[in-house]
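What follows is the content of coords.cif (mmCIF, C-alpha atoms and all ligand atoms).
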```cif
data_model
loop_
_atom_site.group_PDB
_atom_site.id
_atom_site.type_symbol
_atom_site.label_atom_id
_atom_site.label_comp_id
_atom_site.auth_asym_id
_atom_site.auth_seq_id
_atom_site.Cartn_x
_atom_site.Cartn_y
_atom_site.Cartn_z
ATOM 1 C CA MET I 1 -12.670 -2.372 -21.678
ATOM 2 C CA ASP I 2 -10.810 0.445 -23.407
ATOM 3 C CA GLU I 3 -8.350 1.833 -20.845
ATOM 4 C CA LYS I 4 -6.116 4.803 -21.556
ATOM 5 C CA VAL I 5 -2.376 4.140 -21.483
ATOM 6 C CA ARG I 6 0.582 6.547 -21.339
ATOM 7 C CA VAL I 7 2.890 5.266 -24.060
ATOM 8 C CA SER I 8 6.322 6.564 -24.930
ATOM 9 C CA LYS I 9 6.635 4.719 -28.247
ATOM 10 C CA ILE I 10 5.795 1.507 -30.114
ATOM 11 C CA VAL I 11 8.627 -0.135 -32.051
ATOM 12 C CA HIS I 12 7.888 -2.667 -34.788
ATOM 13 C CA GLY I 13 10.250 -5.410 -35.963
ATOM 14 C CA SER I 14 12.569 -5.622 -32.936
ATOM 15 C CA LEU I 15 14.958 -8.595 -32.805
ATOM 16 C CA GLU I 16 16.364 -7.817 -29.321
ATOM 17 C CA ASP I 17 13.423 -8.047 -26.937
ATOM 18 C CA GLY I 18 12.555 -11.736 -26.870
ATOM 19 C CA LYS I 19 12.091 -14.581 -29.337
ATOM 20 C CA GLY I 20 11.564 -13.895 -33.043
ATOM 21 C CA ILE I 21 10.353 -10.621 -34.533
ATOM 22 C CA ARG I 22 8.612 -8.505 -31.900
ATOM 23 C CA THR I 23 6.513 -5.415 -31.491
ATOM 24 C CA VAL I 24 7.690 -3.517 -28.399
ATOM 25 C CA VAL I 25 5.322 -1.234 -26.499
ATOM 26 C CA PHE I 26 7.150 1.222 -24.233
ATOM 27 C CA PHE I 27 4.916 2.320 -21.348
ATOM 28 C CA ALA I 28 5.692 5.680 -19.740
ATOM 29 C CA GLY I 29 6.548 6.059 -16.062
ATOM 30 C CA CYS I 30 9.042 4.131 -13.947
ATOM 31 C CA PRO I 31 9.425 3.736 -10.155
ATOM 32 C CA LEU I 32 13.224 3.768 -10.577
ATOM 33 C CA SER I 33 15.396 6.507 -12.017
ATOM 34 C CA CYS I 34 18.659 4.723 -12.835
ATOM 35 C CA LYS I 35 21.548 7.118 -13.332
ATOM 36 C CA TRP I 36 22.525 5.312 -16.567
ATOM 37 C CA CYS I 37 18.945 5.028 -17.965
ATOM 38 C CA HIS I 38 19.036 5.032 -21.773
ATOM 39 C CA ASN I 39 15.311 5.849 -22.040
ATOM 40 C CA PRO I 40 15.240 8.959 -19.785
ATOM 41 C CA GLU I 41 12.133 10.256 -21.558
ATOM 42 C CA CYS I 42 10.210 7.223 -20.164
ATOM 43 C CA ILE I 43 10.967 7.852 -16.464
ATOM 44 C CA GLU I 44 8.296 10.471 -15.778
ATOM 45 C CA LYS I 45 4.653 9.657 -16.488
ATOM 46 C CA LYS I 46 4.131 13.045 -18.105
ATOM 47 C CA PRO I 47 5.183 14.260 -21.532
ATOM 48 C CA VAL I 48 8.115 16.589 -22.152
ATOM 49 C CA ILE I 49 8.984 18.304 -25.401
ATOM 50 C CA MET I 50 12.008 16.707 -27.128
ATOM 51 C CA TYR I 51 14.211 18.844 -29.384
ATOM 52 C CA LEU I 52 16.654 17.208 -31.809
ATOM 53 C CA LYS I 53 19.068 19.953 -32.788
ATOM 54 C CA ASN I 54 20.487 18.042 -35.760
ATOM 55 C CA LYS I 55 17.042 17.970 -37.416
ATOM 56 C CA CYS I 56 16.259 21.649 -36.865
ATOM 57 C CA ILE I 57 16.293 23.731 -40.051
ATOM 58 C CA LEU I 58 15.945 27.007 -38.077
ATOM 59 C CA CYS I 59 12.711 27.935 -39.829
ATOM 60 C CA GLY I 60 11.455 29.740 -36.692
ATOM 61 C CA LYS I 61 7.875 28.423 -36.979
ATOM 62 C CA CYS I 62 7.948 27.051 -33.408
ATOM 63 C CA ILE I 63 8.745 30.532 -32.041
ATOM 64 C CA SER I 64 5.754 31.973 -33.854
ATOM 65 C CA VAL I 65 3.400 29.596 -31.952
ATOM 66 C CA CYS I 66 5.152 29.846 -28.569
ATOM 67 C CA LYS I 67 6.943 33.094 -27.867
ATOM 68 C CA ASP I 68 6.698 32.448 -24.131
ATOM 69 C CA ALA I 69 8.813 29.279 -23.985
ATOM 70 C CA ILE I 70 10.815 29.249 -27.224
ATOM 71 C CA SER I 71 13.495 31.675 -28.332
ATOM 72 C CA SER I 72 16.572 31.509 -30.519
ATOM 73 C CA ASP I 73 20.156 32.709 -30.475
ATOM 74 C CA ALA I 74 23.215 32.112 -32.627
ATOM 75 C CA SER I 75 23.424 28.475 -31.509
ATOM 76 C CA GLY I 76 19.793 27.653 -32.405
ATOM 77 C CA ILE I 77 16.472 27.131 -30.631
ATOM 78 C CA LYS I 78 16.182 27.464 -26.825
ATOM 79 C CA ILE I 79 13.298 25.980 -24.841
ATOM 80 C CA ASP I 80 12.540 27.429 -21.412
ATOM 81 C CA ARG I 81 11.411 24.233 -19.683
ATOM 82 C CA GLU I 82 10.054 26.164 -16.676
ATOM 83 C CA LYS I 83 7.577 27.878 -18.989
ATOM 84 C CA CYS I 84 6.829 24.925 -21.310
ATOM 85 C CA THR I 85 3.433 23.348 -20.586
ATOM 86 C CA SER I 86 4.032 20.334 -22.889
ATOM 87 C CA CYS I 87 1.066 21.327 -25.044
ATOM 88 C CA GLY I 88 2.822 20.004 -28.173
ATOM 89 C CA GLU I 89 1.687 22.879 -30.428
ATOM 90 C CA CYS I 90 5.280 23.589 -31.536
ATOM 91 C CA SER I 91 5.745 19.997 -32.728
ATOM 92 C CA LYS I 92 2.713 20.340 -35.014
ATOM 93 C CA VAL I 93 4.309 23.189 -36.978
ATOM 94 C CA CYS I 94 7.894 21.906 -36.950
ATOM 95 C CA LEU I 95 8.985 21.403 -40.561
ATOM 96 C CA GLY I 96 12.149 19.495 -39.680
ATOM 97 C CA GLU I 97 10.463 17.039 -37.267
ATOM 98 C CA ALA I 98 12.933 18.333 -34.692
ATOM 99 C CA LEU I 99 10.270 18.735 -31.999
ATOM 100 C CA SER I 100 8.084 15.971 -30.583
ATOM 101 C CA LEU I 101 6.362 15.058 -27.343
ATOM 102 C CA SER I 102 8.049 12.259 -25.397
ATOM 103 C CA GLN I 103 4.828 10.339 -24.819
ATOM 104 C CA SER I 104 1.164 10.243 -25.709
ATOM 105 C CA GLU I 105 -2.053 8.738 -24.459
ATOM 106 C CA MET I 106 -3.459 5.773 -26.378
ATOM 107 C CA THR I 107 -6.395 3.470 -25.721
ATOM 108 C CA THR I 108 -5.794 -0.241 -25.250
ATOM 109 C CA ASP I 109 -7.741 -0.834 -28.478
ATOM 110 C CA GLU I 110 -5.410 1.483 -30.390
ATOM 111 C CA ILE I 111 -2.354 -0.304 -28.992
ATOM 112 C CA PHE I 112 -3.796 -3.721 -29.765
ATOM 113 C CA SER I 113 -4.498 -2.631 -33.360
ATOM 114 C CA GLU I 114 -0.773 -1.882 -33.773
ATOM 115 C CA ILE I 115 0.128 -5.248 -32.252
ATOM 116 C CA ILE I 116 -2.219 -7.347 -34.364
ATOM 117 C CA ALA I 117 -1.094 -5.586 -37.544
ATOM 118 C CA ASP I 118 2.222 -7.466 -37.172
ATOM 119 C CA ILE I 119 0.692 -10.915 -36.633
ATOM 120 C CA SER I 120 2.130 -12.395 -39.842
ATOM 121 C CA TYR I 121 5.659 -11.532 -38.623
ATOM 122 C CA TYR I 122 5.006 -13.299 -35.306
ATOM 123 C CA LYS I 123 3.742 -16.408 -37.111
ATOM 124 C CA TYR I 124 6.669 -16.458 -39.513
ATOM 125 C CA SER I 125 9.385 -15.901 -36.861
ATOM 126 C CA GLY I 126 7.978 -17.312 -33.613
ATOM 127 C CA GLY I 127 7.845 -13.767 -32.241
ATOM 128 C CA GLY I 128 5.194 -11.736 -30.447
ATOM 129 C CA VAL I 129 4.790 -8.597 -28.382
ATOM 130 C CA THR I 130 7.017 -7.283 -25.579
ATOM 131 C CA PHE I 131 5.805 -4.739 -23.034
ATOM 132 C CA SER I 132 8.593 -2.526 -21.778
ATOM 133 C CA GLY I 133 9.120 1.020 -20.553
ATOM 134 C CA GLY I 134 9.471 2.747 -18.204
ATOM 135 C CA GLU I 135 7.654 0.106 -16.192
ATOM 136 C CA CYS I 136 4.643 -1.465 -17.889
ATOM 137 C CA LEU I 137 3.405 -3.024 -14.621
ATOM 138 C CA ARG I 138 2.647 0.473 -13.356
ATOM 139 C CA GLN I 139 -0.441 0.566 -15.603
ATOM 140 C CA PRO I 140 -1.698 -2.944 -14.771
ATOM 141 C CA ASP I 141 -5.377 -2.684 -15.764
ATOM 142 C CA ALA I 142 -4.540 -1.550 -19.270
ATOM 143 C CA LEU I 143 -1.726 -4.092 -19.530
ATOM 144 C CA LYS I 144 -4.043 -6.942 -18.477
ATOM 145 C CA ASP I 145 -6.615 -5.797 -21.023
ATOM 146 C CA ILE I 146 -4.058 -6.007 -23.858
ATOM 147 C CA LEU I 147 -2.573 -9.293 -22.587
ATOM 148 C CA LEU I 148 -6.034 -10.884 -22.656
ATOM 149 C CA SER I 149 -6.610 -9.690 -26.230
ATOM 150 C CA CYS I 150 -3.218 -11.171 -27.224
ATOM 151 C CA LYS I 151 -4.098 -14.485 -25.586
ATOM 152 C CA LYS I 152 -7.335 -14.698 -27.547
ATOM 153 C CA GLU I 153 -5.368 -14.268 -30.791
ATOM 154 C CA GLY I 154 -2.578 -16.684 -29.754
ATOM 155 C CA ILE I 155 0.056 -13.901 -29.697
ATOM 156 C CA ASN I 156 3.141 -14.635 -27.567
ATOM 157 C CA THR I 157 3.660 -12.053 -24.788
ATOM 158 C CA CYS I 158 6.746 -10.971 -22.870
ATOM 159 C CA ILE I 159 7.204 -8.397 -20.102
ATOM 160 C CA GLU I 160 10.384 -6.446 -19.340
ATOM 161 C CA THR I 161 10.241 -5.273 -15.725
ATOM 162 C CA CYS I 162 12.225 -4.061 -12.728
ATOM 163 C CA LEU I 163 9.615 -5.718 -10.415
ATOM 164 C CA ASP I 164 9.451 -2.764 -8.026
ATOM 165 C CA ILE I 165 5.655 -3.144 -7.917
ATOM 166 C CA SER I 166 3.229 -4.748 -5.438
ATOM 167 C CA TRP I 167 3.300 -8.573 -5.467
ATOM 168 C CA GLU I 168 -0.480 -8.662 -6.023
ATOM 169 C CA THR I 169 -0.001 -6.861 -9.357
ATOM 170 C CA VAL I 170 2.966 -9.007 -10.422
ATOM 171 C CA SER I 171 1.153 -12.215 -9.482
ATOM 172 C CA GLU I 172 -2.019 -11.332 -11.379
ATOM 173 C CA ILE I 173 -0.224 -10.185 -14.538
ATOM 174 C CA ALA I 174 1.970 -13.310 -14.497
ATOM 175 C CA GLU I 175 -1.176 -15.402 -15.098
ATOM 176 C CA TYR I 176 -1.493 -13.940 -18.605
ATOM 177 C CA THR I 177 2.164 -13.545 -19.590
ATOM 178 C CA ASP I 178 4.285 -16.079 -21.488
ATOM 179 C CA SER I 179 7.740 -14.864 -20.443
ATOM 180 C CA PHE I 180 9.570 -12.245 -18.401
ATOM 181 C CA PHE I 181 12.821 -10.299 -18.582
ATOM 182 C CA VAL I 182 13.610 -9.188 -15.025
ATOM 183 C CA ASP I 183 16.426 -6.750 -14.271
ATOM 184 C CA ILE I 184 18.773 -7.409 -11.358
ATOM 185 C CA LYS I 185 20.764 -4.208 -11.303
ATOM 186 C CA LEU I 186 22.613 -4.420 -7.994
ATOM 187 C CA MET I 187 22.560 -6.842 -5.063
ATOM 188 C CA ASP I 188 23.810 -4.320 -2.499
ATOM 189 C CA ARG I 189 20.748 -2.481 -1.182
ATOM 190 C CA ASN I 190 22.589 0.771 -0.394
ATOM 191 C CA LYS I 191 24.207 0.964 -3.809
ATOM 192 C CA HIS I 192 20.874 0.089 -5.414
ATOM 193 C CA LYS I 193 19.310 3.053 -3.644
ATOM 194 C CA GLU I 194 22.236 5.316 -4.545
ATOM 195 C CA TYR I 195 22.111 4.542 -8.280
ATOM 196 C CA THR I 196 18.407 3.894 -8.923
ATOM 197 C CA ASN I 197 16.783 6.035 -6.232
ATOM 198 C CA VAL I 198 15.017 3.049 -4.595
ATOM 199 C CA GLY I 199 16.139 0.119 -2.445
ATOM 200 C CA ASN I 200 15.996 -3.456 -3.740
ATOM 201 C CA ALA I 201 14.148 -5.260 -0.896
ATOM 202 C CA ARG I 202 10.781 -5.461 -2.721
ATOM 203 C CA ILE I 203 12.492 -6.374 -6.000
ATOM 204 C CA ILE I 204 14.410 -9.275 -4.409
ATOM 205 C CA GLU I 205 11.271 -10.517 -2.645
ATOM 206 C CA ASN I 206 9.230 -10.370 -5.876
ATOM 207 C CA ILE I 207 11.948 -12.207 -7.826
ATOM 208 C CA THR I 208 11.894 -14.983 -5.213
ATOM 209 C CA LYS I 209 8.102 -15.291 -5.427
ATOM 210 C CA LEU I 210 7.884 -14.983 -9.218
ATOM 211 C CA PHE I 211 10.479 -17.712 -9.823
ATOM 212 C CA LYS I 212 8.329 -20.113 -7.781
ATOM 213 C CA LYS I 213 5.267 -19.197 -9.840
ATOM 214 C CA HIS I 214 6.542 -18.754 -13.413
ATOM 215 C CA SER I 215 8.900 -20.967 -15.391
ATOM 216 C CA ASP I 216 10.052 -18.641 -18.194
ATOM 217 C CA ILE I 217 12.129 -15.828 -16.706
ATOM 218 C CA THR I 218 15.393 -14.387 -18.003
ATOM 219 C CA PHE I 219 17.280 -12.246 -15.508
ATOM 220 C CA ARG I 220 19.175 -9.327 -16.969
ATOM 221 C CA ILE I 221 22.181 -7.444 -15.625
ATOM 222 C CA PRO I 222 22.955 -4.205 -17.495
ATOM 223 C CA LEU I 223 26.738 -3.943 -17.030
ATOM 224 C CA ILE I 224 27.468 -0.395 -15.859
ATOM 225 C CA PRO I 225 31.225 0.257 -15.599
ATOM 226 C CA GLY I 226 32.289 1.071 -12.045
ATOM 227 C CA VAL I 227 28.772 0.571 -10.667
ATOM 228 C CA ASN I 228 27.789 -3.119 -10.836
ATOM 229 C CA ASP I 229 30.361 -4.821 -13.095
ATOM 230 C CA ASP I 230 32.651 -5.867 -10.213
ATOM 231 C CA MET I 231 33.065 -9.585 -9.616
ATOM 232 C CA ALA I 232 31.652 -9.358 -6.065
ATOM 233 C CA ASN I 233 28.274 -8.083 -7.320
ATOM 234 C CA LEU I 234 28.170 -10.428 -10.334
ATOM 235 C CA GLU I 235 29.089 -13.520 -8.304
ATOM 236 C CA GLN I 236 26.507 -12.616 -5.669
ATOM 237 C CA THR I 237 23.849 -12.274 -8.390
ATOM 238 C CA VAL I 238 24.682 -15.650 -9.957
ATOM 239 C CA LYS I 239 24.589 -17.346 -6.536
ATOM 240 C CA PHE I 240 21.268 -15.677 -5.700
ATOM 241 C CA VAL I 241 19.701 -16.980 -8.939
ATOM 242 C CA SER I 242 21.216 -20.412 -8.358
ATOM 243 C CA LEU I 243 19.454 -20.703 -4.980
ATOM 244 C CA LEU I 244 15.978 -19.587 -6.103
ATOM 245 C CA GLU I 245 13.228 -22.166 -5.593
ATOM 246 C CA GLY I 246 11.340 -22.973 -8.775
ATOM 247 C CA ASN I 247 11.201 -25.122 -11.875
ATOM 248 C CA GLY I 248 12.315 -22.705 -14.566
ATOM 249 C CA GLU I 249 15.666 -22.647 -16.328
ATOM 250 C CA ARG I 250 18.057 -20.282 -14.470
ATOM 251 C CA ARG I 251 19.123 -17.861 -17.195
ATOM 252 C CA ILE I 252 21.060 -14.632 -16.804
ATOM 253 C CA GLU I 253 21.768 -12.249 -19.662
ATOM 254 C CA VAL I 254 24.664 -9.851 -19.077
ATOM 255 C CA LEU I 255 24.030 -6.739 -21.166
ATOM 256 C CA ARG I 256 26.790 -4.621 -22.641
ATOM 257 C CA TYR I 257 26.784 -1.007 -21.394
ATOM 258 C CA ASN I 258 24.858 1.361 -23.673
ATOM 259 C CA ASN I 259 26.426 4.856 -23.732
ATOM 260 C CA LEU I 260 24.531 6.147 -26.769
ATOM 261 C CA ALA I 261 21.832 8.066 -24.930
ATOM 262 C CA GLU I 262 23.603 11.449 -24.778
ATOM 263 C CA SER I 263 21.478 13.004 -27.542
ATOM 264 C CA LYS I 264 18.281 11.814 -25.813
ATOM 265 C CA TYR I 265 19.324 13.536 -22.568
ATOM 266 C CA GLU I 266 20.165 16.700 -24.537
ATOM 267 C CA SER I 267 16.814 16.571 -26.309
ATOM 268 C CA ILE I 268 14.883 16.736 -23.019
ATOM 269 C CA GLY I 269 17.236 19.273 -21.409
ATOM 270 C CA LYS I 270 18.864 16.839 -18.952
ATOM 271 C CA LYS I 271 22.519 16.262 -18.165
ATOM 272 C CA PHE I 272 24.014 12.975 -19.439
ATOM 273 C CA THR I 273 26.538 11.051 -17.328
ATOM 274 C CA SER I 274 28.842 8.580 -19.040
ATOM 275 C CA PHE I 275 29.987 5.657 -16.884
ATOM 276 C CA GLY I 276 32.846 4.658 -19.182
ATOM 277 C CA GLU I 277 33.657 2.485 -22.150
ATOM 278 C CA VAL I 278 31.438 -0.170 -23.715
ATOM 279 C CA GLN I 279 32.751 -3.679 -22.962
ATOM 280 C CA SER I 280 34.677 -5.275 -25.845
ATOM 281 C CA ASP I 281 33.703 -8.613 -27.419
ATOM 282 C CA SER I 282 36.630 -10.329 -25.715
ATOM 283 C CA ASP I 283 35.774 -8.820 -22.289
ATOM 284 C CA MET I 284 32.216 -10.108 -22.673
ATOM 285 C CA GLU I 285 33.423 -13.580 -23.668
ATOM 286 C CA LYS I 286 35.798 -13.790 -20.686
ATOM 287 C CA LEU I 287 33.074 -12.587 -18.329
ATOM 288 C CA LYS I 288 30.555 -15.162 -19.576
ATOM 289 C CA ILE I 289 33.069 -17.998 -19.216
ATOM 290 C CA TYR I 290 33.930 -16.856 -15.684
ATOM 291 C CA LEU I 291 30.306 -16.493 -14.579
ATOM 292 C CA ASN I 292 29.225 -19.785 -16.156
ATOM 293 C CA ASN I 293 31.771 -21.561 -13.965
ATOM 294 C CA ILE I 294 30.396 -20.234 -10.674
ATOM 295 C CA CYS I 295 27.218 -22.347 -10.371
ATOM 296 C CA ASP I 296 26.396 -25.435 -12.442
ATOM 297 C CA ASN I 297 22.679 -24.699 -12.555
ATOM 298 C CA VAL I 298 22.905 -21.117 -13.919
ATOM 299 C CA LYS I 299 23.385 -20.360 -17.614
ATOM 300 C CA VAL I 300 24.902 -16.955 -18.434
ATOM 301 C CA VAL I 301 24.584 -15.482 -21.935
ATOM 302 C CA GLY I 302 25.437 -12.057 -23.389
ATOM 303 C CA GLY I 303 23.373 -9.358 -25.037
ATOM 304 C CA ASN I 304 22.916 -5.662 -25.723
ATOM 305 C CA ILE I 305 20.614 -3.205 -23.974
HETATM 306 S S1 LIG I 401 5.206 22.134 -25.974
HETATM 307 FE FE1 LIG I 401 3.825 23.934 -25.994
HETATM 308 S S2 LIG I 401 4.565 25.210 -24.291
HETATM 309 FE FE2 LIG I 401 6.197 23.709 -24.733
HETATM 310 S S3 LIG I 401 7.571 24.751 -26.142
HETATM 311 FE FE3 LIG I 401 6.108 23.599 -27.406
HETATM 312 S S4 LIG I 401 4.416 25.050 -27.842
HETATM 313 FE FE4 LIG I 401 5.623 25.893 -26.153
HETATM 314 S S1 LIG I 402 9.907 24.625 -36.070
HETATM 315 FE FE1 LIG I 402 11.312 22.894 -35.882
HETATM 316 S S2 LIG I 402 12.756 23.104 -37.593
HETATM 317 FE FE2 LIG I 402 11.703 25.105 -37.317
HETATM 318 S S3 LIG I 402 13.052 26.256 -35.923
HETATM 319 FE FE3 LIG I 402 11.528 25.236 -34.630
HETATM 320 S S4 LIG I 402 12.558 23.311 -34.060
HETATM 321 FE FE4 LIG I 402 13.683 24.104 -35.789
#
```

Just give me the structure of the file as structure tokens.
Amino acid sequence: MDEKVRVSKIVHGSLEDGKGIRTVVFFAGCPLSCKWCHNPECIEKKPVIMYLKNKCILCGKCISVCKDAISSDASGIKIDREKCTSCGECSKVCLGEALSLSQSEMTTDEIFSEIIADISYYKYSGGGVTFSGGECLRQPDALKDILLSCKKEGINTCIETCLDISWETVSEIAEYTDSFFVDIKLMDRNKHKEYTNVGNARIIENITKLFKKHSDITFRIPLIPGVNDDMANLEQTVKFVSLLEGNGERRIEVLRYNNLAESKYESIGKKFTSFGEVQSDSDMEKLKIYLNNICDNVKVVGGNI
């Protein structure tokens, strides 16, 4: 099988997305649209043109290929996003590499070639490949195809997911996956809907089922100031994980707020909202100590998004 996949990017040599050195494949398209998302270009499953002003050398070549959608004024290049058809022609002539499409279509074979090229790093470090996004489970046939190829080559696989997907898909993909990172953004269903655009009923149900089925799951809470970093939400999350039925270790990773996505929002013509300051080292330490004392059977560690 050689399925087509909408991919936002492939990152090589990551040390933050699972054990060892990892290749991370970012699938495009997500059922959620979190107000703090730091990969806003991955939310839609269609490409948009990204413009990085600090790389633009004002050569004007993009205007010569697209007078309809691109113009310039004293402050630089302007893209009329109503008129842009995401054809990507401007990015091909851009001398400064200031223009690029946010995603592209790749075959599963092409993706697997990029994964297997890093196999010596996986062997040396105990690493592997992580499928992220967006939401990789939204393109399950292609994902299964690549997971099977990885299994044949003995490559460790990890999935980062929000789990807002049918249980049939989650259950099938879990058969071929070594480990999961599962986000638990908010326990309150109304707040979940307010900040991510969807409720959390299916997510909570899938977490409950997946923990019974799979023994290597790390739950992740991205700490968003003023949204989900209150003790009521965090305590409720720890207690929920503590009561899950299953044999796996109960691990929660609390992730420091990432407020560095402003330039990404600018590059796709969207408004960025900051939720506040990044937690300090000492705040994170205090939080971990507090949360680790709530339930004996849950281990809370820290990390970065
Ligand atoms: S992607 Fe195509 S339509 Fe959009 S600005 Fe570039 S050349 Fe014009
Ligand atoms: S082609 Fe690229 S570098 Fe030249 S003006 Fe357009 S965006 Fe800037």

Q.
Using Å and a single decimal, report how far CA of Ile217 in chain I sits from CA of Val170 in chain I.
A. 13.0 Å

Q: Please identify all polymer residues within 7 Å of Glu3 in chain I, counting only C-alpha atoms, omitting same-chain residues fewer than 2 positions from it, and present them as a ChimeraX atom specification.
A: /I:1,5,107-108,142

Q: Go through the shown structure with the PyMOL selection byres (((chain I and resi 178) around 6) and not hetatm) and write out the matching residues as number ranges by chain.
A: I: 157-158, 177, 179

Output C-alpha atoms for every residue in the selection just made, as a short mmCIF file (atom, residue, chain, number, x, y, z; two decimals), keeping the file's coordinate frame.
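The result, written out as part-v8.cif:
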```cif
data_model
loop_
_atom_site.label_atom_id
_atom_site.label_comp_id
_atom_site.auth_asym_id
_atom_site.auth_seq_id
_atom_site.Cartn_x
_atom_site.Cartn_y
_atom_site.Cartn_z
CA THR I 157 3.66 -12.05 -24.79
CA CYS I 158 6.75 -10.97 -22.87
CA THR I 177 2.16 -13.54 -19.59
CA SER I 179 7.74 -14.86 -20.44
#
```

Q.
Could you list, as number ranges by chain, all residues that come within 9 Å of ligand LIG 401 (chain I)? Count only C-alpha atoms and all ligand atoms.
A. I: 48-50, 62-63, 65-70, 79-81, 83-92, 99-101

Residues of chain I that have any atom at most 6 Å from an atom of ligand LIG 402 (chain I): could you tabulate them with the shortest-distance atom pair and the distance in Å to one decimal, using all atoms listed in the file, ordered by chain and increasing number, as a Markdown table?
```
| residue | atom | partner | partner_atom | distance |
| --- | --- | --- | --- | --- |
| I:Cys56 | CA | I:LIG402 | FE4 | 3.7 |
| I:Ile57 | CA | I:LIG402 | S2 | 4.4 |
| I:Leu58 | CA | I:LIG402 | S3 | 3.7 |
| I:Cys59 | CA | I:LIG402 | FE2 | 3.9 |
| I:Gly60 | CA | I:LIG402 | S3 | 3.9 |
| I:Lys61 | CA | I:LIG402 | S1 | 4.4 |
| I:Cys62 | CA | I:LIG402 | S1 | 4.1 |
| I:Val93 | CA | I:LIG402 | S1 | 5.9 |
| I:Cys94 | CA | I:LIG402 | S1 | 3.5 |
| I:Leu95 | CA | I:LIG402 | S2 | 5.1 |
| I:Gly96 | CA | I:LIG402 | S2 | 4.2 |
| I:Ala98 | CA | I:LIG402 | FE1 | 5.0 |
| I:Leu99 | CA | I:LIG402 | S4 | 5.5 |
```

Q: Considering all atoms listed in the file, state which residue in the set I:Val278, I:Val198, I:Val254, I:Met187 is at the smallest distance from Arg220 in chain I.
A: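 Using all atoms listed in the file, Arg220 in chain I sits closest to I:Val254.
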